[in-house]
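Structure below is protein.cif: mmCIF, C-alpha atoms and all ligand atoms.
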```cif
data_run
loop_
_atom_site.group_PDB
_atom_site.id
_atom_site.type_symbol
_atom_site.label_atom_id
_atom_site.label_comp_id
_atom_site.auth_asym_id
_atom_site.auth_seq_id
_atom_site.Cartn_x
_atom_site.Cartn_y
_atom_site.Cartn_z
ATOM 1 C CA MET A 1 16.818 10.571 10.258
ATOM 2 C CA LYS A 2 15.211 13.370 8.237
ATOM 3 C CA VAL A 3 11.981 12.120 6.656
ATOM 4 C CA GLY A 4 9.779 13.771 4.026
ATOM 5 C CA VAL A 5 6.290 12.645 3.062
ATOM 6 C CA ILE A 6 4.662 12.815 -0.383
ATOM 7 C CA GLY A 7 0.875 12.953 -0.035
ATOM 8 C CA ALA A 8 -1.257 14.523 2.662
ATOM 9 C CA GLY A 9 -4.337 12.321 2.375
ATOM 10 C CA SER A 10 -5.646 9.755 4.832
ATOM 11 C CA ILE A 11 -2.244 8.057 5.112
ATOM 12 C CA GLY A 12 0.263 10.878 4.563
ATOM 13 C CA SER A 13 -1.453 13.334 6.915
ATOM 14 C CA VAL A 14 -1.361 10.873 9.831
ATOM 15 C CA VAL A 15 2.252 9.878 9.105
ATOM 16 C CA ALA A 16 3.366 13.507 8.883
ATOM 17 C CA THR A 17 1.435 14.617 11.970
ATOM 18 C CA ARG A 18 2.810 11.766 14.069
ATOM 19 C CA LEU A 19 6.370 12.348 12.871
ATOM 20 C CA ARG A 20 6.005 16.063 13.575
ATOM 21 C CA ALA A 21 4.891 15.163 17.113
ATOM 22 C CA GLY A 22 8.059 13.102 17.605
ATOM 23 C CA ALA A 23 6.262 9.739 17.676
ATOM 24 C CA VAL A 24 9.225 7.891 16.120
ATOM 25 C CA PRO A 25 12.473 8.260 18.093
ATOM 26 C CA GLY A 26 15.379 9.577 16.058
ATOM 27 C CA VAL A 27 13.168 10.842 13.221
ATOM 28 C CA ARG A 28 12.477 14.443 12.246
ATOM 29 C CA LEU A 29 9.817 15.441 9.688
ATOM 30 C CA THR A 30 11.234 17.731 6.998
ATOM 31 C CA GLY A 31 7.861 18.383 5.404
ATOM 32 C CA VAL A 32 5.044 17.235 3.158
ATOM 33 C CA ALA A 33 4.651 17.614 -0.621
ATOM 34 C CA HIS A 34 1.101 17.288 -1.911
ATOM 35 C CA SER A 35 -1.245 18.295 -4.732
ATOM 36 C CA ASP A 36 -4.426 19.074 -2.748
ATOM 37 C CA PRO A 37 -6.208 22.415 -3.161
ATOM 38 C CA ALA A 38 -5.479 23.328 0.487
ATOM 39 C CA ASP A 39 -2.426 22.748 2.649
ATOM 40 C CA PRO A 40 -2.785 20.335 5.573
ATOM 41 C CA ASP A 41 -2.800 21.811 9.081
ATOM 42 C CA GLY A 42 0.141 21.644 11.426
ATOM 43 C CA VAL A 43 2.859 20.294 9.127
ATOM 44 C CA PRO A 44 5.384 22.150 6.948
ATOM 45 C CA VAL A 45 4.608 21.996 3.212
ATOM 46 C CA LEU A 46 7.525 21.914 0.770
ATOM 47 C CA PRO A 47 7.828 21.746 -3.009
ATOM 48 C CA PHE A 48 8.804 18.215 -4.074
ATOM 49 C CA ASP A 49 12.412 19.059 -5.055
ATOM 50 C CA GLU A 50 13.046 20.815 -1.746
ATOM 51 C CA LEU A 51 11.492 17.936 0.169
ATOM 52 C CA VAL A 52 13.872 15.499 -1.543
ATOM 53 C CA ALA A 53 16.895 17.758 -1.021
ATOM 54 C CA GLU A 54 16.180 18.043 2.726
ATOM 55 C CA SER A 55 15.281 14.405 3.454
ATOM 56 C CA GLU A 56 17.250 11.205 3.873
ATOM 57 C CA LEU A 57 14.113 9.077 3.500
ATOM 58 C CA VAL A 58 11.078 10.037 1.392
ATOM 59 C CA VAL A 59 7.799 8.260 2.072
ATOM 60 C CA GLU A 60 5.377 7.928 -0.841
ATOM 61 C CA CYS A 61 1.754 8.128 0.348
ATOM 62 C CA ALA A 62 0.408 9.672 -2.860
ATOM 63 C CA GLY A 63 -0.868 6.919 -5.133
ATOM 64 C CA GLN A 64 0.359 4.820 -8.012
ATOM 65 C CA GLN A 65 0.741 7.607 -10.585
ATOM 66 C CA ALA A 66 2.715 9.768 -8.191
ATOM 67 C CA LEU A 67 5.003 6.847 -7.367
ATOM 68 C CA ALA A 68 5.701 6.226 -11.059
ATOM 69 C CA ALA A 69 6.392 9.910 -11.718
ATOM 70 C CA LEU A 70 8.346 10.807 -8.581
ATOM 71 C CA GLY A 71 9.831 7.577 -7.195
ATOM 72 C CA PRO A 72 12.793 7.330 -9.612
ATOM 73 C CA ARG A 73 13.644 11.004 -8.969
ATOM 74 C CA VAL A 74 13.874 10.356 -5.216
ATOM 75 C CA LEU A 75 16.211 7.393 -5.701
ATOM 76 C CA ASP A 76 18.345 9.099 -8.344
ATOM 77 C CA ALA A 77 18.853 11.989 -5.900
ATOM 78 C CA GLY A 78 20.401 9.490 -3.480
ATOM 79 C CA ARG A 79 17.477 9.437 -1.059
ATOM 80 C CA ASP A 80 15.839 6.255 0.188
ATOM 81 C CA LEU A 81 12.200 5.731 -0.733
ATOM 82 C CA LEU A 82 9.494 3.955 1.272
ATOM 83 C CA VAL A 83 6.667 2.890 -1.053
ATOM 84 C CA VAL A 84 3.067 2.676 0.160
ATOM 85 C CA SER A 85 1.344 2.378 -3.249
ATOM 86 C CA VAL A 86 2.847 -1.076 -3.723
ATOM 87 C CA GLY A 87 0.208 -1.955 -6.326
ATOM 88 C CA ALA A 88 2.039 0.234 -8.831
ATOM 89 C CA LEU A 89 4.792 -2.393 -8.839
ATOM 90 C CA ALA A 90 2.497 -4.765 -10.720
ATOM 91 C CA ASP A 91 3.908 -2.784 -13.639
ATOM 92 C CA GLN A 92 7.121 -4.742 -14.217
ATOM 93 C CA HIS A 93 8.733 -1.806 -16.010
ATOM 94 C CA LEU A 94 8.210 0.486 -12.998
ATOM 95 C CA LEU A 95 9.457 -2.214 -10.611
ATOM 96 C CA ASP A 96 12.606 -2.722 -12.711
ATOM 97 C CA THR A 97 13.109 1.054 -12.942
ATOM 98 C CA LEU A 98 12.865 1.548 -9.174
ATOM 99 C CA LEU A 99 15.129 -1.413 -8.434
ATOM 100 C CA ALA A 100 17.730 -0.155 -10.919
ATOM 101 C CA ALA A 101 17.507 3.489 -9.802
ATOM 102 C CA GLY A 102 19.843 4.830 -7.173
ATOM 103 C CA PRO A 103 21.974 5.497 -5.276
ATOM 104 C CA GLY A 104 18.919 5.646 -2.973
ATOM 105 C CA ALA A 105 17.345 2.343 -1.904
ATOM 106 C CA VAL A 106 13.695 1.372 -2.293
ATOM 107 C CA HIS A 107 11.738 -0.101 0.654
ATOM 108 C CA LEU A 108 8.154 -1.429 0.649
ATOM 109 C CA SER A 109 5.548 -0.774 3.327
ATOM 110 C CA THR A 110 3.536 -3.769 4.535
ATOM 111 C CA GLY A 111 0.514 -1.441 4.438
ATOM 112 C CA ALA A 112 -2.785 -3.032 5.357
ATOM 113 C CA ILE A 113 -1.616 -6.623 5.812
ATOM 114 C CA GLY A 114 0.893 -8.853 7.566
ATOM 115 C CA GLY A 115 2.440 -12.273 7.201
ATOM 116 C CA LEU A 116 4.591 -11.147 4.276
ATOM 117 C CA ASP A 117 7.792 -12.120 6.110
ATOM 118 C CA LEU A 118 6.594 -15.687 6.678
ATOM 119 C CA LEU A 119 5.324 -16.020 3.118
ATOM 120 C CA ALA A 120 8.718 -14.830 1.844
ATOM 121 C CA ALA A 121 10.446 -17.375 4.075
ATOM 122 C CA ALA A 122 8.147 -20.177 2.875
ATOM 123 C CA ALA A 123 8.782 -19.200 -0.751
ATOM 124 C CA ALA A 124 12.545 -19.156 -0.100
ATOM 125 C CA MET A 125 12.377 -22.856 0.801
ATOM 126 C CA GLY A 126 10.765 -23.787 -2.487
ATOM 127 C CA PRO A 127 8.091 -22.573 -4.891
ATOM 128 C CA LEU A 128 4.657 -22.311 -3.277
ATOM 129 C CA GLU A 129 1.983 -24.486 -4.849
ATOM 130 C CA SER A 130 -0.873 -22.069 -4.218
ATOM 131 C CA VAL A 131 -1.317 -18.598 -2.771
ATOM 132 C CA GLU A 132 -4.653 -16.785 -2.492
ATOM 133 C CA ILE A 133 -5.752 -13.439 -1.102
ATOM 134 C CA VAL A 134 -9.441 -12.647 -0.731
ATOM 135 C CA THR A 135 -10.270 -9.016 0.068
ATOM 136 C CA THR A 136 -13.758 -8.150 1.280
ATOM 137 C CA LYS A 137 -14.982 -4.598 1.768
ATOM 138 C CA LYS A 138 -18.040 -2.388 1.418
ATOM 139 C CA PRO A 139 -19.247 -2.094 -2.209
ATOM 140 C CA ALA A 140 -19.020 1.712 -2.503
ATOM 141 C CA GLY A 141 -15.232 1.737 -2.568
ATOM 142 C CA LEU A 142 -15.077 -0.961 -5.223
ATOM 143 C CA VAL A 143 -16.974 0.788 -8.009
ATOM 144 C CA GLN A 144 -14.400 1.493 -10.747
ATOM 145 C CA PRO A 145 -14.398 3.742 -13.832
ATOM 146 C CA TRP A 146 -13.927 0.712 -16.128
ATOM 147 C CA MET A 147 -17.130 -0.977 -14.890
ATOM 148 C CA PRO A 148 -20.191 -0.937 -17.153
ATOM 149 C CA GLU A 149 -22.943 1.158 -15.511
ATOM 150 C CA GLU A 150 -25.061 -1.954 -14.987
ATOM 151 C CA GLN A 151 -22.288 -3.689 -13.008
ATOM 152 C CA ALA A 152 -21.602 -0.528 -10.988
ATOM 153 C CA ASN A 153 -25.294 -0.258 -10.099
ATOM 154 C CA ARG A 154 -25.477 -3.937 -9.173
ATOM 155 C CA LEU A 155 -22.594 -3.369 -6.775
ATOM 156 C CA ARG A 156 -24.083 -0.221 -5.261
ATOM 157 C CA GLU A 157 -27.419 -1.986 -4.724
ATOM 158 C CA ALA A 158 -26.044 -5.355 -3.553
ATOM 159 C CA ASP A 159 -27.778 -6.693 -0.430
ATOM 160 C CA ALA A 160 -25.485 -9.718 -0.071
ATOM 161 C CA PRO A 161 -21.772 -10.417 -0.690
ATOM 162 C CA VAL A 162 -20.799 -10.407 -4.402
ATOM 163 C CA GLU A 163 -17.458 -11.661 -5.763
ATOM 164 C CA VAL A 164 -16.515 -8.822 -8.109
ATOM 165 C CA LEU A 165 -13.335 -10.275 -9.584
ATOM 166 C CA ARG A 166 -11.147 -13.357 -9.151
ATOM 167 C CA ALA A 167 -8.008 -13.399 -11.250
ATOM 168 C CA PRO A 168 -4.205 -13.450 -11.080
ATOM 169 C CA ALA A 169 -2.817 -10.844 -8.654
ATOM 170 C CA ARG A 170 -1.499 -8.579 -11.416
ATOM 171 C CA THR A 171 -4.942 -8.329 -13.061
ATOM 172 C CA VAL A 172 -6.744 -7.635 -9.779
ATOM 173 C CA THR A 173 -4.181 -5.028 -8.714
ATOM 174 C CA ALA A 174 -4.617 -3.161 -11.990
ATOM 175 C CA ALA A 175 -8.422 -3.362 -11.771
ATOM 176 C CA PHE A 176 -8.635 -1.989 -8.201
ATOM 177 C CA PRO A 177 -5.699 0.411 -7.825
ATOM 178 C CA ALA A 178 -6.828 1.830 -4.461
ATOM 179 C CA SER A 179 -7.994 -1.461 -2.943
ATOM 180 C CA ALA A 180 -5.702 -4.214 -4.206
ATOM 181 C CA ASN A 181 -2.241 -2.976 -3.205
ATOM 182 C CA VAL A 182 -2.342 -5.972 -0.893
ATOM 183 C CA ALA A 183 -2.506 -8.477 -3.778
ATOM 184 C CA ALA A 184 0.686 -6.932 -5.149
ATOM 185 C CA SER A 185 2.290 -7.073 -1.691
ATOM 186 C CA VAL A 186 1.633 -10.817 -1.457
ATOM 187 C CA ALA A 187 2.933 -11.420 -5.000
ATOM 188 C CA LEU A 188 6.089 -9.409 -4.302
ATOM 189 C CA ALA A 189 6.637 -11.257 -1.001
ATOM 190 C CA VAL A 190 6.469 -14.694 -2.631
ATOM 191 C CA GLY A 191 8.232 -13.501 -5.790
ATOM 192 C CA ALA A 192 5.722 -15.164 -8.105
ATOM 193 C CA TRP A 193 2.995 -13.055 -9.664
ATOM 194 C CA ASP A 194 1.482 -15.966 -11.565
ATOM 195 C CA THR A 195 1.046 -18.172 -8.497
ATOM 196 C CA VAL A 196 -1.012 -15.637 -6.560
ATOM 197 C CA GLU A 197 -4.761 -15.649 -7.153
ATOM 198 C CA ALA A 198 -6.643 -12.628 -5.831
ATOM 199 C CA ALA A 199 -10.348 -12.124 -5.299
ATOM 200 C CA VAL A 200 -12.279 -8.986 -4.412
ATOM 201 C CA VAL A 201 -15.649 -9.337 -2.691
ATOM 202 C CA ALA A 202 -18.155 -6.528 -2.178
ATOM 203 C CA ASP A 203 -20.097 -7.037 1.039
ATOM 204 C CA PRO A 204 -22.647 -4.422 2.117
ATOM 205 C CA GLY A 205 -22.517 -5.877 5.648
ATOM 206 C CA ALA A 206 -18.728 -5.599 5.965
ATOM 207 C CA ALA A 207 -18.102 -3.235 8.867
ATOM 208 C CA ARG A 208 -14.385 -3.912 8.474
ATOM 209 C CA THR A 209 -12.170 -4.580 5.458
ATOM 210 C CA SER A 210 -10.910 -8.135 5.566
ATOM 211 C CA HIS A 211 -8.024 -9.861 3.827
ATOM 212 C CA VAL A 212 -7.719 -13.639 4.062
ATOM 213 C CA ILE A 213 -4.385 -14.904 2.795
ATOM 214 C CA THR A 214 -3.768 -18.631 2.366
ATOM 215 C CA ALA A 215 -0.687 -20.364 1.017
ATOM 216 C CA GLU A 216 0.577 -23.895 0.620
ATOM 217 C CA GLY A 217 4.077 -25.115 -0.167
ATOM 218 C CA PRO A 218 6.915 -27.369 0.940
ATOM 219 C CA ALA A 219 7.369 -25.404 4.185
ATOM 220 C CA GLY A 220 3.771 -25.824 5.318
ATOM 221 C CA THR A 221 0.302 -24.320 5.012
ATOM 222 C CA TYR A 222 -0.505 -20.781 6.094
ATOM 223 C CA ARG A 223 -3.613 -18.737 6.741
ATOM 224 C CA PHE A 224 -3.696 -15.110 7.816
ATOM 225 C CA GLU A 225 -6.943 -13.258 8.455
ATOM 226 C CA ILE A 226 -6.834 -9.481 8.815
ATOM 227 C CA ASN A 227 -9.882 -7.360 9.700
ATOM 228 C CA ASN A 228 -9.098 -3.664 9.481
ATOM 229 C CA HIS A 229 -11.265 -0.722 10.423
ATOM 230 C CA PRO A 230 -11.631 1.481 7.330
ATOM 231 C CA SER A 231 -10.096 4.939 7.343
ATOM 232 C CA PRO A 232 -12.817 7.459 8.255
ATOM 233 C CA ARG A 233 -11.425 9.864 5.636
ATOM 234 C CA THR A 234 -10.837 7.437 2.729
ATOM 235 C CA PRO A 235 -12.997 4.296 3.101
ATOM 236 C CA THR A 236 -10.953 2.430 0.448
ATOM 237 C CA SER A 237 -7.993 2.625 2.820
ATOM 238 C CA SER A 238 -7.607 1.217 6.341
ATOM 239 C CA ARG A 239 -6.841 2.997 9.582
ATOM 240 C CA ILE A 240 -3.836 0.756 10.234
ATOM 241 C CA VAL A 241 -1.878 1.803 7.112
ATOM 242 C CA PRO A 242 -0.236 5.007 8.426
ATOM 243 C CA TYR A 243 0.828 3.089 11.531
ATOM 244 C CA ALA A 244 2.406 0.368 9.363
ATOM 245 C CA VAL A 245 4.298 3.187 7.630
ATOM 246 C CA LEU A 246 5.391 4.681 10.962
ATOM 247 C CA SER A 247 6.528 1.242 12.128
ATOM 248 C CA ALA A 248 8.597 0.818 8.942
ATOM 249 C CA ILE A 249 10.142 4.280 9.371
ATOM 250 C CA GLY A 250 11.015 3.340 12.962
ATOM 251 C CA GLY A 251 12.707 0.150 11.750
ATOM 252 C CA LEU A 252 14.764 2.059 9.191
ATOM 253 C CA ALA A 253 15.753 4.798 11.641
ATOM 254 C CA ASN A 254 16.511 2.406 14.514
ATOM 255 C CA PRO A 255 17.556 -0.859 12.849
ATOM 256 C CA ARG A 256 18.671 -2.705 15.987
ATOM 257 C CA GLY A 257 16.372 -5.277 17.562
ATOM 258 C CA VAL A 258 13.669 -5.187 14.905
ATOM 259 C CA PHE A 259 12.207 -8.226 13.175
ATOM 260 C CA ARG A 260 13.614 -9.019 9.752
HETATM 261 N N1 LIG A 301 0.051 -0.902 0.712
HETATM 262 C C1 LIG A 301 -1.189 -0.872 1.190
HETATM 263 O O1 LIG A 301 -1.650 -1.804 1.827
HETATM 264 C C2 LIG A 301 -2.051 0.343 0.920
HETATM 265 C C3 LIG A 301 -3.246 0.498 1.624
HETATM 266 C C4 LIG A 301 -4.027 1.617 1.379
HETATM 267 C C5 LIG A 301 -3.631 2.564 0.431
HETATM 268 N N2 LIG A 301 -2.460 2.360 -0.240
HETATM 269 C C6 LIG A 301 -2.015 3.340 -1.264
HETATM 270 O O2 LIG A 301 -1.734 4.558 -0.636
HETATM 271 C C7 LIG A 301 -2.138 5.632 -1.499
HETATM 272 C C8 LIG A 301 -2.510 6.839 -0.658
HETATM 273 O O3 LIG A 301 -3.669 6.529 0.091
HETATM 274 P P1 LIG A 301 -4.544 7.662 0.814
HETATM 275 O O4 LIG A 301 -5.735 6.992 1.366
HETATM 276 O O5 LIG A 301 -3.699 8.480 1.703
HETATM 277 O O6 LIG A 301 -4.956 8.546 -0.470
HETATM 278 P P2 LIG A 301 -5.614 9.993 -0.484
HETATM 279 O O7 LIG A 301 -6.347 10.082 -1.770
HETATM 280 O O8 LIG A 301 -6.338 10.265 0.778
HETATM 281 O O9 LIG A 301 -4.351 10.992 -0.531
HETATM 282 C C9 LIG A 301 -3.468 11.054 -1.612
HETATM 283 C C10 LIG A 301 -2.544 12.243 -1.399
HETATM 284 O O10 LIG A 301 -1.516 12.198 -2.391
HETATM 285 C C11 LIG A 301 -1.345 13.512 -2.939
HETATM 286 N N3 LIG A 301 -0.807 13.399 -4.286
HETATM 287 C C12 LIG A 301 -1.337 12.765 -5.355
HETATM 288 N N4 LIG A 301 -0.540 12.890 -6.436
HETATM 289 C C13 LIG A 301 0.520 13.639 -6.034
HETATM 290 C C14 LIG A 301 1.684 14.117 -6.669
HETATM 291 N N5 LIG A 301 1.940 13.847 -7.958
HETATM 292 N N6 LIG A 301 2.553 14.857 -5.944
HETATM 293 C C15 LIG A 301 2.335 15.136 -4.647
HETATM 294 N N7 LIG A 301 1.244 14.691 -3.971
HETATM 295 C C16 LIG A 301 0.358 13.962 -4.671
HETATM 296 C C17 LIG A 301 -2.716 14.147 -2.880
HETATM 297 O O11 LIG A 301 -2.570 15.549 -2.921
HETATM 298 C C18 LIG A 301 -3.215 13.605 -1.539
HETATM 299 O O12 LIG A 301 -2.761 14.462 -0.495
HETATM 300 C C19 LIG A 301 -3.318 5.075 -2.306
HETATM 301 O O13 LIG A 301 -3.316 5.602 -3.603
HETATM 302 C C20 LIG A 301 -3.093 3.598 -2.314
HETATM 303 O O14 LIG A 301 -2.603 3.167 -3.575
HETATM 304 C C21 LIG A 301 -1.667 1.302 -0.009
#
```

Re-express the file's structure as structure tokens.
Amino acid sequence: MKVGVIGAGSIGSVVATRLRAGAVPGVRLTGVAHSDPADPDGVPVLPFDELVAESELVVECAGQQALAALGPRVLDAGRDLLVVSVGALADQHLLDTLLAAGPGAVHLSTGAIGGLDLLAAAAAMGPLESVEIVTTKKPAGLVQPWMPEEQANRLREADAPVEVLRAPARTVTAAFPASANVAASVALAVGAWDTVEAAVVADPGAARTSHVITAEGPAGTYRFEINNHPSPRTPTSSRIVPYAVLSAIGGLANPRGVFR
């Protein structure tokens, strides 16, 4: 399978480098398209249109705006698309556009979390009564342009955990585009944006980024706790994410004997 990567940041650079090194059997890296001032080392760089033309699967590791601008073009060109910036799909119009586009197919990366398969199964049995995801990370990565200066300073200077926002998943995803992709992932897995409550906590003592997901419904009660080491390059992201992407690429390239 020929795979192209959009984005050469903390996620895309690791994905591309590993693919280039042959880490996923049956997969060949075509190249990377990016918008950084300098090209990444050790991987071929291609203009976006060439990347799409030469790839069977295009992996978006470039952020929500890039997904909105480029995702439909990948699918319309008949290439499959693996989405990492899942939070962008809180925009119902973009979600509908990507699902309707084609002939390429859209796939979603599990990114920083797990348990999405079981949550989807539980939701398939009957509507879940409650679903919550609480994300806790260091304050620096949570300061947002929309925050009043006083709130931003309070976060930067916090010496104890502070709950920054608790709201429906769609609201939290929009408020923290780099940190709350996971709230969108949970909402998409259970197919019910309004049922999922998300909270973001800034904790100056958080050495790792944690996500605690709880759900209750007719199938049972569920609790997943994930503690990820932050990416050294982009602290808002986690080190696991490129490996979740590589695992998904492996499942698409070698679809026998993988969990569904
Ligand atoms: N699903 C998850 O759990 C999860 C977890 C972490 C991050 N993410 C998402 O992944 C995205 C990438 O994360 P990162 O840490 O690698 O970001 P990053 O900022 O380190 O890198 C982004 C890369 O995308 C490129 N880019 C941006 N716009 C582009 C465009 N229009 N065309 C081509 N390239 C473009 C940049 O040049 C850069 O190389 C984040 O924006 C975030 O939304 C998802």

Each side padded by 4 Å, which centre and which edge lengths in Å (one decimal) define the axis-aligned box around the listed atoms of ligand LIG 301 (chain A)? Give them as JSON.
```
{"center_x": -1.9, "center_y": 6.9, "center_z": -3.1, "size_x": 16.9, "size_y": 25.4, "size_z": 17.8}
```

- prompt: Once you count only C-alpha atoms and all ligand atoms, which residues end up within 8 Å of ligand LIG 301 (chain A), and could you hand them over as a ChimeraX atom specification?
  reply: /A:6-13,33-37,48,60-67,69-70,83-88,109-113,177-182,185,231,233-238,241

- request: Give me the residues within 7 Å of range 190-203 of chain A as a list in words, counting only C-alpha atoms and dropping any in the same chain fewer than 3 places off.
  value: Leu119, Ala120, Ala123, Ser130, Val131, Glu132, Ile133, Val134, Thr135, Thr136, Lys137, Lys138, Pro139, Ala160, Pro161, Val162, Glu163, Val164, Leu165, Arg166, Ala167, Pro168, Ala169, Arg170, Val172, Ala183, Val186, Ala187 and Ala206 of chain A

message: What's around range 219-226 of chain A at 9 Å? Count only C-alpha atoms, leave out sequence neighbours fewer than 4 positions away in its own chain, and write the answer as a PyMOL selection string.
response: chain A and resi 112-115+118-119+121-123+125-126+128+209-215

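Using all atoms listed in the file, the smallest distance between any of A:Thr30, A:Asn227, A:Gln144, A:Thr173 and Val43 in chain A comes from A:Thr30.
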
- line: re CA of Val258 in chain A and CA of Ala189 in chain A: distance 18.4 Å

Under the rule of at most 6 Å, produce a per-residue listing of range 36-151 of chain A near range 2-5 of chain A: chain, number, name, the closest pair of atoms, and the distance in Å, as JSON lines, using only C-alpha atoms.
```
{"residue": "A:Leu51", "atom": "CA", "partner": "A:Gly4", "partner_atom": "CA", "distance": 5.9}
{"residue": "A:Ser55", "atom": "CA", "partner": "A:Lys2", "partner_atom": "CA", "distance": 4.9}
{"residue": "A:Glu56", "atom": "CA", "partner": "A:Lys2", "partner_atom": "CA", "distance": 5.3}
{"residue": "A:Leu57", "atom": "CA", "partner": "A:Val3", "partner_atom": "CA", "distance": 4.9}
{"residue": "A:Val58", "atom": "CA", "partner": "A:Gly4", "partner_atom": "CA", "distance": 4.8}
{"residue": "A:Val59", "atom": "CA", "partner": "A:Val5", "partner_atom": "CA", "distance": 4.7}
```

task: Using the chain letters and numbers from the file, give me the residues hit by the PyMOL selection byres (((chain A and resi 94-98) around 10) and not hetatm), as a list in words.
output: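 In the shown coordinates, the PyMOL selection byres (((chain A and resi 94-98) around 10) and not hetatm) covers Leu67, Ala68, Ala69, Gly71, Pro72, Arg73, Val74, Leu75, Asp76, Leu81, Val86, Ala88, Leu89, Ala90, Asp91, Gln92, His93, Leu99, Ala100, Ala101, Gly102, Gly104, Ala105 and Val106 of chain A.
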
query: Of the residues A:Gly250, A:Gly78, A:Pro47, A:Gly42, which is the one nearest to Ala21 in chain A, using all atoms listed in the file?
result: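 The closest residue to Ala21 in chain A is A:Gly42.
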
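Taking CA of Phe259 in chain A and CA of Asp117 in chain A as the two end points, the separation is 9.2 Å.
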
query: Can you tell me how far CA of Pro40 in chain A sits from CA of Asn254 in chain A, in Å to one decimal?
result: 27.8 Å

message: When you count all atoms listed in the file, which of these residues is closest to His229 in chain A: A:Ala207, A:Met1, A:Ile249, A:Met147?
response: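 Among the listed residues, A:Ala207 lies closest to His229 in chain A.
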